[in-house]
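Engineer: Here it is: the structure, laid out below.
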Amino acid sequence: MRIYHLAAECYPVAKVGGLADVVGALPKYQNKAGMNAAVVLPYYNRKFVKENVFDVVFQAATLLGNKRYYFEVLKEHTDKLGFELYLIRIPGLLDREEVYMYPDEREQFVAFQLAFLDWISYSQQTPDIIHCHDHHVGLIPFLMYHSRLYSRLANIATVFTIHNGQYHGVLSWDKFNYLPDVDLNQTGLLDWGGSINPLAAAVKCAWRYTTVSPSYLHELEYSSNGLEYLFYLERSKGSGIINGIDTDVWNPKADPMIPNKFTPAKPEEGKAKNKAALCEKFGLDVEKPLISFIGRLVLEKGADLIAAAIRRSLFEHPGEFNFLMLGTGEPWIEQQLSELKNQFPGQCNVFVGYDESLSHLIYAGSDFLLMPSRVEPCGLNQLYSLRYGTVPIVRATGGLKDTVIDFGDEGGYGIRFNNVSVDDMSYSIGRAIALYQNKPHLQLLRKRMMALDFSWDRSAKEYITLYESLKNTL
Ligand code: ADP
Ligand code: GLC
């Protein structure tokens, strides 16, 4: 079965968050299961692209409103990622370094989608499934089914995966002229709340939509930034498939980014050495429990409450634990955390920035990983931390709820709390400190969590089953 995955991110080509990890792994695992899955991304002027060989496989021009853009499709020469990787390059629009945050981001992503459809259509390809991820590629199902230009593609099944329902990629209706020759009777499908809403359009037009955990599927019906009623109406088309992790990249037995490898059978020594390396680097005391946070410093992640919760916990448990943070995001949250570092030198440290290798060392060398998310469609950090024997402390929401069982419950291994509040967080930190004192219990939980299987094998097959059900409806 031929599948095209379309997204803005894909590890290791361009990563901002978990979307990249999913798009860089799911197709590989689908191919292992006998599919023929490929990934199409915008062209980024980044390390992976500069260091690898690409062949130009298609060239044409597309119209965005009254502007004509030349574009080319490049294919990575060796399929080294375990799938065919295509990049769409548009000089002046899709040839930059960053993934997001350009003032003409809307134009960039509309042009990307049009160029993809032009390419598939003009080169007479008929894939079985076009699988779009998040709002950046949310207009594709509408265009395939309701633009005369792409009528060749009207019978191809589309699947749309929502990794983050908070962002919709809204465009004002004065940008409607970007869309080529669409059926004017169907423009309502693009609209939500008086604007063109690519996420809403995809939920309405894709044959099926999925979310990255079953709990998040339900949560969207009461919290999706204005689309709640839409998710309620369309719920029969939705399903929740939990993300997996790429066990080739996230493997404590062989991870080149950590100095000391370790196995689920005997994790203690390797973890202790990684912790020592981490504590030395950040001036922390290796004897104390190390609680870390990795992630985007935004409200969704509850990052705004971390500094207050750590301060409260250090007041309640003076000198009893260390805290380390790796992240970047809202400047005011970065500021809060930097102040924490200044206030508690030797107990708290923060690294403001993005550092892939450091993240691996933190998963490997920490005792606990804090995730106080307000919204967490799936969350990969807790899955990496489980694999690296680090106890996740999570707010029970979305994918965190679906993957972390509290150690107080049968078969449990993590720490869960219910409210995004300083109270709940500091109470949970207190539980972590107590657990750390009970080494045999901690070791038992570590064994239990490292034996869990969150690899992509299972979830990739769930997507394949979904695709197959769509083929049968043709
Ligand atoms: P989200 O996609 O919402 O940010 P996920 O938990 O799905 O959350 O995935 C986050 C991914 O990004 C993980 O691979 C995590 O390790 C990585 N990550 C986040 N922030 C950083 C950072 N500052 N440095 C390195 N890796 C980071
Ligand atoms: C989004 C979500 C995160 C999820 C990731 C990959 O960024 O915020 O929870 O793990 O996508 O699906």
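Residue names in the structure tokens use chain letters A, B, ... in the order shown, residue numbers from 1 in each chain, and ligand numbers from 1 in the order shown.
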Which residues are near range 58-73 of chain A? Cut-off 8 Å, only C-alpha atoms, ignore same chain within fewer than 3 positions. Put them as a PyMOL selection string.

Structural biologist: chain A and resi 86-91+107+110-111+114-115+118-119+177-180

Engineer: Restricting it to N, CA, C and O atoms, dump the selection as an mmCIF file, in the first residue's frame.

Structural biologist:
data_model
loop_
_atom_site.group_PDB
_atom_site.id
_atom_site.type_symbol
_atom_site.label_atom_id
_atom_site.label_comp_id
_atom_site.auth_asym_id
_atom_site.auth_seq_id
_atom_site.Cartn_x
_atom_site.Cartn_y
_atom_site.Cartn_z
ATOM 1 N N TYR A 86 10.852 13.125 0.681
ATOM 2 C CA TYR A 86 10.768 14.152 -0.355
ATOM 3 C C TYR A 86 10.685 15.529 0.291
ATOM 4 O O TYR A 86 9.994 15.694 1.307
ATOM 5 N N LEU A 87 11.377 16.487 -0.289
ATOM 6 C CA LEU A 87 11.307 17.863 0.205
ATOM 7 C C LEU A 87 10.816 18.750 -0.934
ATOM 8 O O LEU A 87 11.270 18.597 -2.080
ATOM 9 N N ILE A 88 9.910 19.646 -0.612
ATOM 10 C CA ILE A 88 9.433 20.575 -1.645
ATOM 11 C C ILE A 88 10.106 21.923 -1.417
ATOM 12 O O ILE A 88 9.974 22.523 -0.351
ATOM 13 N N ARG A 89 10.844 22.341 -2.435
ATOM 14 C CA ARG A 89 11.615 23.578 -2.312
ATOM 15 C C ARG A 89 10.995 24.651 -3.194
ATOM 16 O O ARG A 89 10.755 24.422 -4.388
ATOM 17 N N ILE A 90 10.713 25.789 -2.595
ATOM 18 C CA ILE A 90 10.208 26.935 -3.367
ATOM 19 C C ILE A 90 11.131 28.108 -3.059
ATOM 20 O O ILE A 90 11.113 28.623 -1.936
ATOM 21 N N PRO A 91 11.966 28.501 -3.998
ATOM 22 C CA PRO A 91 12.907 29.580 -3.695
ATOM 23 C C PRO A 91 12.184 30.820 -3.171
ATOM 24 O O PRO A 91 11.172 31.235 -3.720
ATOM 25 N N GLU A 107 1.287 31.590 4.017
ATOM 26 C CA GLU A 107 1.606 31.461 2.582
ATOM 27 C C GLU A 107 2.529 30.262 2.372
ATOM 28 O O GLU A 107 2.348 29.482 1.427
ATOM 29 N N VAL A 110 0.406 27.020 2.649
ATOM 30 C CA VAL A 110 -0.557 26.834 1.550
ATOM 31 C C VAL A 110 0.224 26.462 0.286
ATOM 32 O O VAL A 110 -0.127 25.513 -0.431
ATOM 33 N N ALA A 111 1.311 27.165 0.041
ATOM 34 C CA ALA A 111 2.100 26.872 -1.167
ATOM 35 C C ALA A 111 2.639 25.443 -1.118
ATOM 36 O O ALA A 111 2.663 24.740 -2.138
ATOM 37 N N LEU A 114 -0.195 23.111 -2.089
ATOM 38 C CA LEU A 114 -0.535 23.177 -3.522
ATOM 39 C C LEU A 114 0.555 22.497 -4.354
ATOM 40 O O LEU A 114 0.253 21.752 -5.295
ATOM 41 N N ALA A 115 1.802 22.732 -3.986
ATOM 42 C CA ALA A 115 2.904 22.130 -4.757
ATOM 43 C C ALA A 115 2.834 20.605 -4.643
ATOM 44 O O ALA A 115 3.020 19.891 -5.635
ATOM 45 N N ASP A 118 -0.016 19.449 -6.865
ATOM 46 C CA ASP A 118 0.378 19.595 -8.280
ATOM 47 C C ASP A 118 1.288 18.437 -8.684
ATOM 48 O O ASP A 118 1.109 17.809 -9.733
ATOM 49 N N TRP A 119 2.253 18.164 -7.830
ATOM 50 C CA TRP A 119 3.233 17.110 -8.138
ATOM 51 C C TRP A 119 2.536 15.750 -8.301
ATOM 52 O O TRP A 119 2.716 15.065 -9.319
ATOM 53 N N ASN A 177 -8.367 33.581 -2.181
ATOM 54 C CA ASN A 177 -7.849 33.530 -3.557
ATOM 55 C C ASN A 177 -6.567 32.695 -3.683
ATOM 56 O O ASN A 177 -6.112 32.419 -4.774
ATOM 57 N N TYR A 178 -6.004 32.262 -2.560
ATOM 58 C CA TYR A 178 -4.848 31.351 -2.637
ATOM 59 C C TYR A 178 -5.269 29.976 -3.160
ATOM 60 O O TYR A 178 -4.442 29.210 -3.629
ATOM 61 N N LEU A 179 -6.554 29.647 -2.982
ATOM 62 C CA LEU A 179 -6.987 28.271 -3.291
ATOM 63 C C LEU A 179 -7.477 28.189 -4.730
ATOM 64 O O LEU A 179 -8.311 28.993 -5.146
ATOM 65 N N PRO A 180 -6.987 27.233 -5.485
ATOM 66 C CA PRO A 180 -7.269 27.215 -6.919
ATOM 67 C C PRO A 180 -8.615 26.565 -7.265
ATOM 68 O O PRO A 180 -8.921 25.481 -6.780
#

Engineer: Please build the interface table for chain A against ligand 2 with a cut-off of 6 Å, listing for each qualifying residue the nearest atom pair and the distance in Å to one decimal; count only C-alpha atoms and all ligand atoms, order rows by chain and increasing number, and write it as JSON lines.

Structural biologist:
{"residue": "A:Gly17", "atom": "CA", "partner": "ligand 2", "partner_atom_place_in_ligand_line": "7 (O)", "distance": 5.6}
{"residue": "A:Gly18", "atom": "CA", "partner": "ligand 2", "partner_atom_place_in_ligand_line": "5 (C)", "distance": 4.0}
{"residue": "A:Leu19", "atom": "CA", "partner": "ligand 2", "partner_atom_place_in_ligand_line": "6 (C)", "distance": 4.1}
{"residue": "A:Val22", "atom": "CA", "partner": "ligand 2", "partner_atom_place_in_ligand_line": "6 (C)", "distance": 5.8}
{"residue": "A:His163", "atom": "CA", "partner": "ligand 2", "partner_atom_place_in_ligand_line": "11 (O)", "distance": 4.0}
{"residue": "A:Asn164", "atom": "CA", "partner": "ligand 2", "partner_atom_place_in_ligand_line": "1 (C)", "distance": 4.9}
{"residue": "A:Val212", "atom": "CA", "partner": "ligand 2", "partner_atom_place_in_ligand_line": "12 (O)", "distance": 5.4}
{"residue": "A:Glu376", "atom": "CA", "partner": "ligand 2", "partner_atom_place_in_ligand_line": "9 (O)", "distance": 4.2}
{"residue": "A:Pro377", "atom": "CA", "partner": "ligand 2", "partner_atom_place_in_ligand_line": "9 (O)", "distance": 3.9}
{"residue": "A:Cys378", "atom": "CA", "partner": "ligand 2", "partner_atom_place_in_ligand_line": "9 (O)", "distance": 3.9}
{"residue": "A:Gly379", "atom": "CA", "partner": "ligand 2", "partner_atom_place_in_ligand_line": "10 (O)", "distance": 3.4}
{"residue": "A:Leu380", "atom": "CA", "partner": "ligand 2", "partner_atom_place_in_ligand_line": "10 (O)", "distance": 4.8}

Engineer: Enumerate as a PyMOL selection string the residues within 10 Å of ligand 1, counting only C-alpha atoms and all ligand atoms.

Structural biologist: chain A and resi 11+15-22+163-164+212+243+245+250+293-298+300-301+325-329+351-360+362-363+371+373+375-385+399-400

Engineer: Report, in Å with one decimal, the straight-line distance from CA of Phe323 in chain A to CA of Gln166 in chain A.

Structural biologist: 29.0 Å

Engineer: Among range 96-202 of chain A, which residues does DSSP mark as strand (DSSP E) when it is run on the backbone? Keep the chain and numbering as in the structure and answer as an mmCIF file with all heavy atoms, in the first residue's frame.

Structural biologist:
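And here's result-v8.cif as it stands now:
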data_model
loop_
_atom_site.group_PDB
_atom_site.id
_atom_site.type_symbol
_atom_site.label_atom_id
_atom_site.label_comp_id
_atom_site.auth_asym_id
_atom_site.auth_seq_id
_atom_site.Cartn_x
_atom_site.Cartn_y
_atom_site.Cartn_z
ATOM 1 N N ILE A 129 -3.176 6.121 0.187
ATOM 2 C CA ILE A 129 -3.555 6.945 1.337
ATOM 3 C C ILE A 129 -2.715 8.206 1.353
ATOM 4 O O ILE A 129 -1.487 8.146 1.189
ATOM 5 C CB ILE A 129 -3.271 6.196 2.677
ATOM 6 C CG1 ILE A 129 -3.974 4.840 2.748
ATOM 7 C CG2 ILE A 129 -3.599 7.086 3.885
ATOM 8 C CD1 ILE A 129 -5.433 4.875 3.105
ATOM 9 N N ILE A 130 -3.356 9.339 1.589
ATOM 10 C CA ILE A 130 -2.611 10.560 1.889
ATOM 11 C C ILE A 130 -2.898 10.876 3.352
ATOM 12 O O ILE A 130 -4.051 11.086 3.744
ATOM 13 C CB ILE A 130 -2.994 11.695 0.925
ATOM 14 C CG1 ILE A 130 -2.522 11.276 -0.474
ATOM 15 C CG2 ILE A 130 -2.359 13.017 1.365
ATOM 16 C CD1 ILE A 130 -2.649 12.286 -1.552
ATOM 17 N N HIS A 131 -1.833 10.837 4.138
ATOM 18 C CA HIS A 131 -1.977 10.964 5.599
ATOM 19 C C HIS A 131 -1.383 12.316 6.006
ATOM 20 O O HIS A 131 -0.166 12.514 5.928
ATOM 21 C CB HIS A 131 -1.245 9.788 6.267
ATOM 22 C CG HIS A 131 -1.496 9.688 7.734
ATOM 23 N ND1 HIS A 131 -1.436 8.499 8.416
ATOM 24 C CD2 HIS A 131 -1.812 10.621 8.668
ATOM 25 C CE1 HIS A 131 -1.714 8.704 9.701
ATOM 26 N NE2 HIS A 131 -1.925 9.992 9.878
ATOM 27 N N CYS A 132 -2.242 13.229 6.430
ATOM 28 C CA CYS A 132 -1.806 14.584 6.778
ATOM 29 C C CYS A 132 -1.729 14.732 8.298
ATOM 30 O O CYS A 132 -2.582 14.224 9.018
ATOM 31 C CB CYS A 132 -2.805 15.613 6.245
ATOM 32 S SG CYS A 132 -3.026 15.507 4.467
ATOM 33 N N HIS A 133 -0.707 15.460 8.754
ATOM 34 C CA HIS A 133 -0.493 15.630 10.193
ATOM 35 C C HIS A 133 -0.585 17.110 10.567
ATOM 36 O O HIS A 133 0.242 17.914 10.120
ATOM 37 C CB HIS A 133 0.894 15.107 10.584
ATOM 38 C CG HIS A 133 1.074 13.646 10.319
ATOM 39 N ND1 HIS A 133 0.917 12.678 11.288
ATOM 40 C CD2 HIS A 133 1.382 12.980 9.171
ATOM 41 C CE1 HIS A 133 1.140 11.478 10.766
ATOM 42 N NE2 HIS A 133 1.420 11.630 9.475
ATOM 43 N N ALA A 157 -8.070 8.038 -0.536
ATOM 44 C CA ALA A 157 -8.462 8.190 0.869
ATOM 45 C C ALA A 157 -7.501 9.105 1.610
ATOM 46 O O ALA A 157 -6.290 9.079 1.361
ATOM 47 C CB ALA A 157 -8.472 6.821 1.542
ATOM 48 N N THR A 158 -8.055 9.910 2.507
ATOM 49 C CA THR A 158 -7.211 10.780 3.331
ATOM 50 C C THR A 158 -7.438 10.466 4.810
ATOM 51 O O THR A 158 -8.553 10.206 5.247
ATOM 52 C CB THR A 158 -7.546 12.271 3.101
ATOM 53 O OG1 THR A 158 -8.962 12.413 3.130
ATOM 54 C CG2 THR A 158 -7.001 12.780 1.795
ATOM 55 N N VAL A 159 -6.340 10.521 5.560
ATOM 56 C CA VAL A 159 -6.398 10.390 7.019
ATOM 57 C C VAL A 159 -5.734 11.631 7.583
ATOM 58 O O VAL A 159 -4.696 12.077 7.066
ATOM 59 C CB VAL A 159 -5.648 9.118 7.493
ATOM 60 C CG1 VAL A 159 -5.549 9.076 9.022
ATOM 61 C CG2 VAL A 159 -6.345 7.866 6.973
ATOM 62 N N PHE A 160 -6.336 12.194 8.604
ATOM 63 C CA PHE A 160 -5.777 13.403 9.217
ATOM 64 C C PHE A 160 -5.506 13.117 10.687
ATOM 65 O O PHE A 160 -6.399 12.679 11.415
ATOM 66 C CB PHE A 160 -6.781 14.552 9.083
ATOM 67 C CG PHE A 160 -6.273 15.853 9.641
ATOM 68 C CD1 PHE A 160 -5.231 16.524 9.025
ATOM 69 C CD2 PHE A 160 -6.837 16.406 10.781
ATOM 70 C CE1 PHE A 160 -4.746 17.725 9.538
ATOM 71 C CE2 PHE A 160 -6.368 17.608 11.300
ATOM 72 C CZ PHE A 160 -5.321 18.268 10.677
ATOM 73 N N THR A 161 -4.267 13.316 11.114
ATOM 74 C CA THR A 161 -3.926 13.079 12.516
ATOM 75 C C THR A 161 -3.731 14.399 13.246
ATOM 76 O O THR A 161 -2.995 15.274 12.774
ATOM 77 C CB THR A 161 -2.668 12.199 12.635
ATOM 78 O OG1 THR A 161 -3.000 10.911 12.118
ATOM 79 C CG2 THR A 161 -2.230 12.035 14.088
ATOM 80 N N ILE A 162 -4.415 14.504 14.381
ATOM 81 C CA ILE A 162 -4.310 15.724 15.194
ATOM 82 C C ILE A 162 -3.303 15.473 16.310
ATOM 83 O O ILE A 162 -3.533 14.671 17.211
ATOM 84 C CB ILE A 162 -5.681 16.085 15.790
ATOM 85 C CG1 ILE A 162 -6.675 16.331 14.660
ATOM 86 C CG2 ILE A 162 -5.582 17.319 16.699
ATOM 87 C CD1 ILE A 162 -8.104 16.185 15.078
ATOM 88 N N ASP A 191 -14.903 26.721 6.472
ATOM 89 C CA ASP A 191 -15.167 27.760 7.477
ATOM 90 C C ASP A 191 -15.395 27.218 8.888
ATOM 91 O O ASP A 191 -16.007 26.174 9.086
ATOM 92 C CB ASP A 191 -16.415 28.545 7.053
ATOM 93 C CG ASP A 191 -16.635 29.761 7.924
ATOM 94 O OD1 ASP A 191 -16.044 30.809 7.608
ATOM 95 O OD2 ASP A 191 -17.351 29.651 8.944
ATOM 96 N N TRP A 192 -14.879 27.962 9.856
ATOM 97 C CA TRP A 192 -15.316 27.779 11.237
ATOM 98 C C TRP A 192 -15.205 29.131 11.920
ATOM 99 O O TRP A 192 -14.147 29.759 11.876
ATOM 100 C CB TRP A 192 -14.479 26.725 11.970
ATOM 101 C CG TRP A 192 -15.152 26.271 13.239
ATOM 102 C CD1 TRP A 192 -14.899 26.715 14.509
ATOM 103 C CD2 TRP A 192 -16.211 25.318 13.349
ATOM 104 N NE1 TRP A 192 -15.741 26.079 15.407
ATOM 105 C CE2 TRP A 192 -16.551 25.219 14.722
ATOM 106 C CE3 TRP A 192 -16.911 24.536 12.422
ATOM 107 C CZ2 TRP A 192 -17.567 24.366 15.190
ATOM 108 C CZ3 TRP A 192 -17.905 23.689 12.888
ATOM 109 C CH2 TRP A 192 -18.234 23.610 14.261
ATOM 110 N N SER A 195 -13.842 32.237 9.654
ATOM 111 C CA SER A 195 -12.507 32.253 9.034
ATOM 112 C C SER A 195 -12.277 30.918 8.333
ATOM 113 O O SER A 195 -12.990 29.942 8.599
ATOM 114 C CB SER A 195 -11.412 32.385 10.090
ATOM 115 O OG SER A 195 -11.575 33.545 10.838
ATOM 116 N N ILE A 196 -11.260 30.895 7.492
ATOM 117 C CA ILE A 196 -10.837 29.606 6.925
ATOM 118 C C ILE A 196 -10.044 28.909 8.025
ATOM 119 O O ILE A 196 -9.058 29.452 8.529
ATOM 120 C CB ILE A 196 -9.947 29.811 5.682
ATOM 121 C CG1 ILE A 196 -10.731 30.549 4.596
ATOM 122 C CG2 ILE A 196 -9.423 28.467 5.179
ATOM 123 C CD1 ILE A 196 -9.911 30.873 3.351
#

Engineer: Quick one, how far is CA of Asp248 in chain A from CA of Asp402 in chain A?

Structural biologist: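 Going from CA of Asp248 in chain A over to CA of Asp402 in chain A, I get 23.1 Å.
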
Engineer: Which residues are near Phe417 in chain A? Cut-off 8 Å, only C-alpha atoms, ignore same chain within fewer than 2 positions. Put them as a PyMOL selection string.

Structural biologist: chain A and resi 393-396+415+419+424-425+428

Engineer: Please provide as JSON, numbers by chain all residues within 12 Å of Ser469 in chain A, with the sequence filter that same-chain residues fewer than 5 positions apart are discarded (counting only C-alpha atoms).

Structural biologist: {"A": [128, 129, 157, 159, 207, 208, 462, 463, 464, 474]}

Engineer: Mind dumping the selected residues with C-alpha atoms as an mmCIF file, in the first residue's frame?

Structural biologist:
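So out-v5.cif came out as:
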data_model
loop_
_atom_site.group_PDB
_atom_site.id
_atom_site.type_symbol
_atom_site.label_atom_id
_atom_site.label_comp_id
_atom_site.auth_asym_id
_atom_site.auth_seq_id
_atom_site.Cartn_x
_atom_site.Cartn_y
_atom_site.Cartn_z
ATOM 1 C CA ASP A 128 -3.638 4.601 -1.643
ATOM 2 C CA ILE A 129 -3.555 6.945 1.337
ATOM 3 C CA ALA A 157 -8.462 8.190 0.869
ATOM 4 C CA VAL A 159 -6.398 10.390 7.019
ATOM 5 C CA TRP A 207 -12.156 10.251 5.385
ATOM 6 C CA ARG A 208 -11.025 9.592 8.936
ATOM 7 C CA GLU A 462 -3.262 0.135 14.114
ATOM 8 C CA TYR A 463 -2.837 2.803 11.443
ATOM 9 C CA ILE A 464 -2.476 0.115 8.799
ATOM 10 C CA LEU A 474 -13.900 2.230 -2.102
#

Engineer: Using only C-alpha atoms, which of the listed residues (A:Val170, A:Val391, A:Leu314, A:Ala25) sits closest to Leu442 in chain A?

Structural biologist: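 Residue with the minimum atom-to-atom distance to Leu442 in chain A: A:Val391.
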
Engineer: If we count only C-alpha atoms and set the cut-off at 12 Å, which residues sit around Ala460 in chain A, ignoring sequence neighbours fewer than 5 positions away in its own chain? Please answer as a PyMOL selection string.

Structural biologist: chain A and resi 22-23+25-35+37+212+241-246+454-455+465-467
